[in-house]
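Enquirer: Sharing a structure with you now.
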Amino acid sequence: MSKQPLIGRRSWRPSWPVNTEKVFKRRRYLGTKRSVLRLSGSYNPKTLRRELVLTDKKPTFWLIGLLLMLVLPIAVSNERFFALFGIICIYAAINVMWTLIIGTAGLQSFATLATVGVGAYGAAYLSITYGVPWPLMLIIGLFLGALMGFLISLPARRLDGLYYALLTLGLSEFCRNFVTQSDQLGGKFNGALFGVDRIVPSDLMTSWLGQVLLYISAFALLLVALAVFRWVNGGRLGLLLRASATNREDEAFSSAIGINFQRARTWVFMIASAALGAIGAFYAAYIGGTSLQVFSLDLLLLMLAMIVIGGLGRAEGAVIGTIIVVGITQWFTEWGPWRIVLVGVLALLSVLYTRNGIFGLKAQLKEIRQRRQALHRAGLTSRYAEFLPQQAPDIHDKAMIVGRTFERKLRDRLRGWITPVIIEEHRRKPLGQHSDHLERILNYFRQGPIPDKYAVYCEEPFTSYRVVALSGVPGVPPRVVDDKVYPSLDEAYHAVFLRRVNDLRSS
Amino acid sequence: MDVVFSALLLASMYGLVAIGISFTWASIGMLNLAQGFIFTAGGYTAFLFAEIASTYGLEGVALSVGLIVAGMLGSAVAGLAVGAVAFLPLQDRDNFRTRSLIATLAISLIGTQVWLIFFGPQNKPLPPIFGTGRTEIAGSGIGNGQLGAIVVAVLMLGAVILWMRSSRAGLQMRAMMMNPLGAAVVGVSVRTTGMRVLAISGALTGLASVLLAQTFFVSPTSGVQPLTVGLIISLAGGLGSIPGTVAAAGLLGLAEALTARYLQQSLVPFVLFGIVVLILIFRPRGLGGLLEDVRE
């Protein structure tokens with residue numbers, strides 16, 4: 001049997017001692033009440049020193065991860081690395097916005113890439129035809145995305161989740177068809193557009209500086225996307241929508257308490273769609289053109305796989321999933337179609353075996369562990385204890401619980417020692433020196449609690465004795481347990497012993 | 001008359017795929033987005049069959065029947081495979097709908113690449129099933145292939161619907177469509193019936209695949225278009241309602257044929273999409289779909 005802690009485990013939180021002479025000042029973001037790090041002061045129970053505890057480790061991880069992402073490609077300065085991480089940043093930005101739609105707004109929309117594509121094609125077309133510079137392209141993309149978002153969100157008010165998913169799934173395919181068959185967009189190069197104004201001037205493109213600038217622009221895009229996610233999801237809109245999560249009852253509930261969740265949803269959807277349109281325009285300016293790849297079902301499925309592998313509904317899941325999937329598909333290009341199969345298998349595995357991708361794994365493993373512990377505890381309960389700490393949350397003194405468990409074990413052992421031989425030994429000589437087992441049994445009886453403890457009551461010395469049970473309350477007389485009268489003290493002692501043995505046996 | 005034939009052809013093909021999707025949704029509550037994969041599976045099985053048949057010198061009616069049967073079998077097996085991965089392990093877990101949706105999407109992602117690995121990106125032609133001639137009906141000509149496709153599709157659809165109405169297995173399936181829990185209570189095996197439904201809708205999709213390959217070709221991504229159109233048709237018809245789906249297929253087929261004829265081919269997607277959105281705005285459960293309310 002493995003040793004189990006009686007009291008629940010506490011998660012590890014980084015802490016460090018503070019100088020108590022100085023007043024601790026919490027750093028806050030400028031103009032807000034949000035603190036940079038969520039710290040709380042406490043006393044270390046071992047050293048009894050004042051220390052600071054980091055209650056929320058997430059921002060630190062984000063910071064480290066993002067810094068790594070920024071520094072790694074620049075440190076390696078490999079053309080392939082720049083390309084890989086640039087694409088990761090852009091896809092991650094798209095996925096973060098998609099997470100906003102699926103997770104925060106709770107709309108199962110597959111129109112993400114269609115919106116990106118509309119932004120990309122609109123901006124690219126205007127840039128090629130009228131020579132629009134790239135900053136203006138981003139704004140055009142923003143407006144196109146918002147318009148698209150408004151149009152797509154119209155049916156969402158009426159349709160049920162899955163119906164809406166199906167409707168939007170078809171949208172990409174229709175956009176692709178439209179581009180292929182339109183003369184201005186798809187007539188020339190099978191839907192591809194070239195010659196869009198690029199973010200980095202073309203004479204810089206081949207130099208190291210150009211590559212770094214291009215990568216930093218993509219990284220900035222990801223940062224902006226994350227900021228938008230934080231602003232919407234952590235702000236009032238996110239709060240309203242969390243109250244009216246996704247199922248019907250919650251919707252009724254939120255309507256009842258006065259949350260217009262439809263409007264909140266439409267807002268989130270439009271903000272995310274505008275951002276997606278801008279990302280599309282950025283993408284067009286990033287690679288200097290667009291292609292029909294944007295509208296392909298396979299790319300959409302790959303994006304979905306990224307979100308699913310990372311964990312649906314969480315920004316960190318979207319980013320990590322993107323890194324994994326894009327890493328596989330862009331780095332191991334020599335594997336050919338097998339790498340997409342690998343991604344598909346990963347997505348399938350995460351749907352079949354995890355509850356919510358990589359970032360749901362922690363909670364899932366915790367639950368598995370808890371279930372296993374509960375089973376183990378149930379086994380223990382049937383063997384030893386009256387109850388265990390986890391089953392008696394109202395008892396704060398855990399030592400009492402441990403004591404009861406010990407007593408239970410002790411009683412079990414003593415019960416096994418009670419034999420006719422022992423009883424006979426006590427009958428012959430209730431007082432005086434006994435065998436070891438009998439002495440231990442008697443000791444156990446002696447240290448029992450006073451209420452209802454059996455005692456001998458002398459009615460008349462040397463002739464009549466009775467067995468009584470003490471009340472345990474001062475001033476309240478003991479009660480007589482039966483009408484038997486014992487002629488000698490020894491017999492009365494033995495009668496008490498028998499009663500106690502009986503109680504021990506039946507406990 | 002041309003428009004009518006064109007509309008009929010489109011409607012029957014879309015109808016086959018859409019009814020498969022609709023069936024699956026209604027009986028086991030799974031949106032089978034791997035239908036595109038099942039579609040191509042049928043096409044490639046028929047293609048393989050044609051290859052083998054040509055080495056043995058098979059011709060005429062035997063070849064035609066063989067092609068159709070091979071396509072349907074291939075798709076039915078693919079449907080069972082999808083069920084084994086996305087239905088059986090997930091069926092009794094919470095959040096089944098979303099999970100199976102994602103699982104089928106992952107399958108369709110894998111499927112395309114598998115075809116790409118084994119068959120390459122080229123379009124594969126199938127030998128003509130119904131000959132190459134033309135028939136004159138009511139003053140306008142129609143290719144034999146298209147005519148045959150319409151006839152076979154309508155016949156097969158009718159046969160399946162009849163079988164659903166009259167056989168015991170069909171009764172079980174209809175029971176599942178009406179109330180899955182109730183069906184399980186009275187002793188209909190959810191798993192067996194679910195797999196049966198997947199096989200049958202797979203077979204219907206395979207038929208559509210073989211018949212459509214008469215005009216188009218089989219390629220790794222050839223399942224995307226039928227999947228999308230099938231989806232929005234089953235959506236417009238109301239998921240789970242067979243008359244609704246048939247009506248929607250007819251309506252959208254007609255709309256597509258009319259648009260392509262009198263307006264512009266590039267407008268087809270928008271017209272279709274517009275119609276579906278309109279239908280859904282006025283009847284959010286589609287043309288015939290009141291079933292969802294019953295399920296709740």
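Ligands are numbered from 1 in the order shown, chains are lettered A, B, ... in the order of the structure tokens, and residues start at 1 in each chain.
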Select from chain A every residue with an atom at most 6 Å from any atom of chain B, then for each give the shortest pair of atoms and their distance in Å to one decimal, using only C-alpha atoms, rows by chain and rising number, as a Markdown table.
Expert:
| residue | atom | partner | partner_atom | distance |
| --- | --- | --- | --- | --- |
| A:Leu159 | CA | B:Pro284 | CA | 5.6 |
| A:Gly170 | CA | B:Thr228 | CA | 5.1 |
| A:Phe174 | CA | B:Pro269 | CA | 5.3 |
| A:Phe178 | CA | B:Ser266 | CA | 5.5 |
| A:Gln181 | CA | B:Ser266 | CA | 5.0 |
| A:Pro337 | CA | B:Gln113 | CA | 5.4 |
| A:Val341 | CA | B:Ile110 | CA | 4.8 |
| A:Gly344 | CA | B:Ala106 | CA | 5.1 |
| A:Leu348 | CA | B:Ala103 | CA | 5.5 |
Enquirer: Identify, on the basis of only C-alpha atoms, every residue whose closest approach to Phe39 in chain B does not exceed 7 Å; exclude the query and any residue fewer than 6 positions from it along the same chain; express the result as a list in words.
Expert: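 After dropping sequence-adjacent residues, the list is Ser75, Thr205, Gly206, Ser209 and Gly223 of chain B.
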Enquirer: Take the selection from the previous step and output its residues with C-alpha atoms, as a PDB file, in the first residue's frame.
Expert:
ATOM      1  CA  SER B  75     -18.089   4.025 -49.551  1.00  0.00           C
ATOM      2  CA  THR B 205     -22.761   8.748 -51.121  1.00  0.00           C
ATOM      3  CA  GLY B 206     -20.709   6.181 -53.012  1.00  0.00           C
ATOM      4  CA  SER B 209     -19.661   9.500 -56.346  1.00  0.00           C
ATOM      5  CA  GLY B 223     -15.293  15.287 -52.197  1.00  0.00           C
TER       6      GLY B 223
END
Enquirer: Neighbouring residues of Val3 in chain B were defined as those with any atom within 7 Å, considering only C-alpha atoms; residues of the same chain fewer than 3 positions away were excluded. Please report them as an NGL selection string.
Expert: :B and (6-7 or 257-258)
Enquirer: Report the residues of range 62-210 of chain B whose backbone DSSP state falls under alpha helix (DSSP H), written as a ChimeraX atom specification.
Expert: /B:62-82,96-119,144-166,168-178,180-185,190-210
Enquirer: Could you check the closest approach to Ile38 in chain B for each of B:Met13, B:Ala76, B:Leu171, B:Leu63 and tell me which residue wins, using only C-alpha atoms?
Expert: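 Distance minimum relative to Ile38 in chain B lands on B:Ala76.
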Enquirer: Measuring between only C-alpha atoms, which one of B:Leu10, B:Ala78, B:Ile28, B:Ala249 shows the shortest distance to Ala203 in chain B?
Expert: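 Selected residue with least distance to Ala203 in chain B: B:Ala78.
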Enquirer: Using DSSP secondary structure from the backbone, list all strand (DSSP E) positions within range 60-294 of chain B, as a PyMOL selection string.
Expert: chain B and resi 134-137+140-143
Enquirer: May I have the selected residues written with all heavy atoms, as a PDB file, in the first residue's frame?
Expert:
ATOM      1  N   ARG B 134     -26.679  10.010 -76.961  1.00  0.00           N
ATOM      2  CA  ARG B 134     -27.617  11.004 -76.446  1.00  0.00           C
ATOM      3  C   ARG B 134     -29.034  10.521 -76.705  1.00  0.00           C
ATOM      4  O   ARG B 134     -29.289   9.785 -77.642  1.00  0.00           O
ATOM      5  CB  ARG B 134     -27.411  12.356 -77.141  1.00  0.00           C
ATOM      6  CG  ARG B 134     -26.118  13.025 -76.744  1.00  0.00           C
ATOM      7  CD  ARG B 134     -25.950  14.335 -77.490  1.00  0.00           C
ATOM      8  NE  ARG B 134     -26.798  15.398 -76.963  1.00  0.00           N
ATOM      9  CZ  ARG B 134     -26.498  16.114 -75.880  1.00  0.00           C
ATOM     10  NH1 ARG B 134     -25.402  15.852 -75.229  1.00  0.00           N
ATOM     11  NH2 ARG B 134     -27.288  17.079 -75.485  1.00  0.00           N
ATOM     12  N   THR B 135     -29.914  10.919 -75.858  1.00  0.00           N
ATOM     13  CA  THR B 135     -31.305  10.531 -76.019  1.00  0.00           C
ATOM     14  C   THR B 135     -32.125  11.786 -76.204  1.00  0.00           C
ATOM     15  O   THR B 135     -31.839  12.808 -75.586  1.00  0.00           O
ATOM     16  CB  THR B 135     -31.801   9.780 -74.763  1.00  0.00           C
ATOM     17  OG1 THR B 135     -30.788   8.840 -74.400  1.00  0.00           O
ATOM     18  CG2 THR B 135     -33.086   9.050 -75.058  1.00  0.00           C
ATOM     19  N   GLU B 136     -33.134  11.697 -77.076  1.00  0.00           N
ATOM     20  CA  GLU B 136     -34.028  12.836 -77.280  1.00  0.00           C
ATOM     21  C   GLU B 136     -35.260  12.643 -76.421  1.00  0.00           C
ATOM     22  O   GLU B 136     -35.979  11.657 -76.551  1.00  0.00           O
ATOM     23  CB  GLU B 136     -34.441  12.919 -78.764  1.00  0.00           C
ATOM     24  CG  GLU B 136     -33.312  13.307 -79.701  1.00  0.00           C
ATOM     25  CD  GLU B 136     -33.010  14.795 -79.644  1.00  0.00           C
ATOM     26  OE1 GLU B 136     -33.959  15.583 -79.469  1.00  0.00           O
ATOM     27  OE2 GLU B 136     -31.823  15.169 -79.769  1.00  0.00           O
ATOM     28  N   ILE B 137     -35.490  13.561 -75.509  1.00  0.00           N
ATOM     29  CA  ILE B 137     -36.722  13.498 -74.722  1.00  0.00           C
ATOM     30  C   ILE B 137     -37.395  14.844 -74.820  1.00  0.00           C
ATOM     31  O   ILE B 137     -36.784  15.878 -74.512  1.00  0.00           O
ATOM     32  CB  ILE B 137     -36.443  13.171 -73.251  1.00  0.00           C
ATOM     33  CG1 ILE B 137     -35.829  11.764 -73.140  1.00  0.00           C
ATOM     34  CG2 ILE B 137     -37.725  13.218 -72.437  1.00  0.00           C
ATOM     35  CD1 ILE B 137     -35.417  11.401 -71.759  1.00  0.00           C
ATOM     36  N   SER B 140     -35.497  17.811 -76.500  1.00  0.00           N
ATOM     37  CA  SER B 140     -34.146  18.273 -76.194  1.00  0.00           C
ATOM     38  C   SER B 140     -33.289  17.075 -75.857  1.00  0.00           C
ATOM     39  O   SER B 140     -33.757  16.082 -75.302  1.00  0.00           O
ATOM     40  CB  SER B 140     -34.165  19.263 -75.040  1.00  0.00           C
ATOM     41  OG  SER B 140     -34.610  18.610 -73.893  1.00  0.00           O
ATOM     42  N   GLY B 141     -32.007  17.186 -76.190  1.00  0.00           N
ATOM     43  CA  GLY B 141     -31.117  16.052 -76.017  1.00  0.00           C
ATOM     44  C   GLY B 141     -30.488  16.056 -74.635  1.00  0.00           C
ATOM     45  O   GLY B 141     -30.294  17.078 -74.014  1.00  0.00           O
ATOM     46  N   ILE B 142     -30.222  14.830 -74.166  1.00  0.00           N
ATOM     47  CA  ILE B 142     -29.512  14.721 -72.895  1.00  0.00           C
ATOM     48  C   ILE B 142     -28.553  13.555 -73.024  1.00  0.00           C
ATOM     49  O   ILE B 142     -28.863  12.532 -73.654  1.00  0.00           O
ATOM     50  CB  ILE B 142     -30.492  14.511 -71.722  1.00  0.00           C
ATOM     51  CG1 ILE B 142     -29.706  14.278 -70.428  1.00  0.00           C
ATOM     52  CG2 ILE B 142     -31.432  13.363 -71.979  1.00  0.00           C
ATOM     53  CD1 ILE B 142     -30.562  14.219 -69.206  1.00  0.00           C
ATOM     54  N   GLY B 143     -27.356  13.722 -72.462  1.00  0.00           N
ATOM     55  CA  GLY B 143     -26.377  12.652 -72.531  1.00  0.00           C
ATOM     56  C   GLY B 143     -26.883  11.423 -71.799  1.00  0.00           C
ATOM     57  O   GLY B 143     -27.552  11.537 -70.765  1.00  0.00           O
TER      58      GLY B 143
END
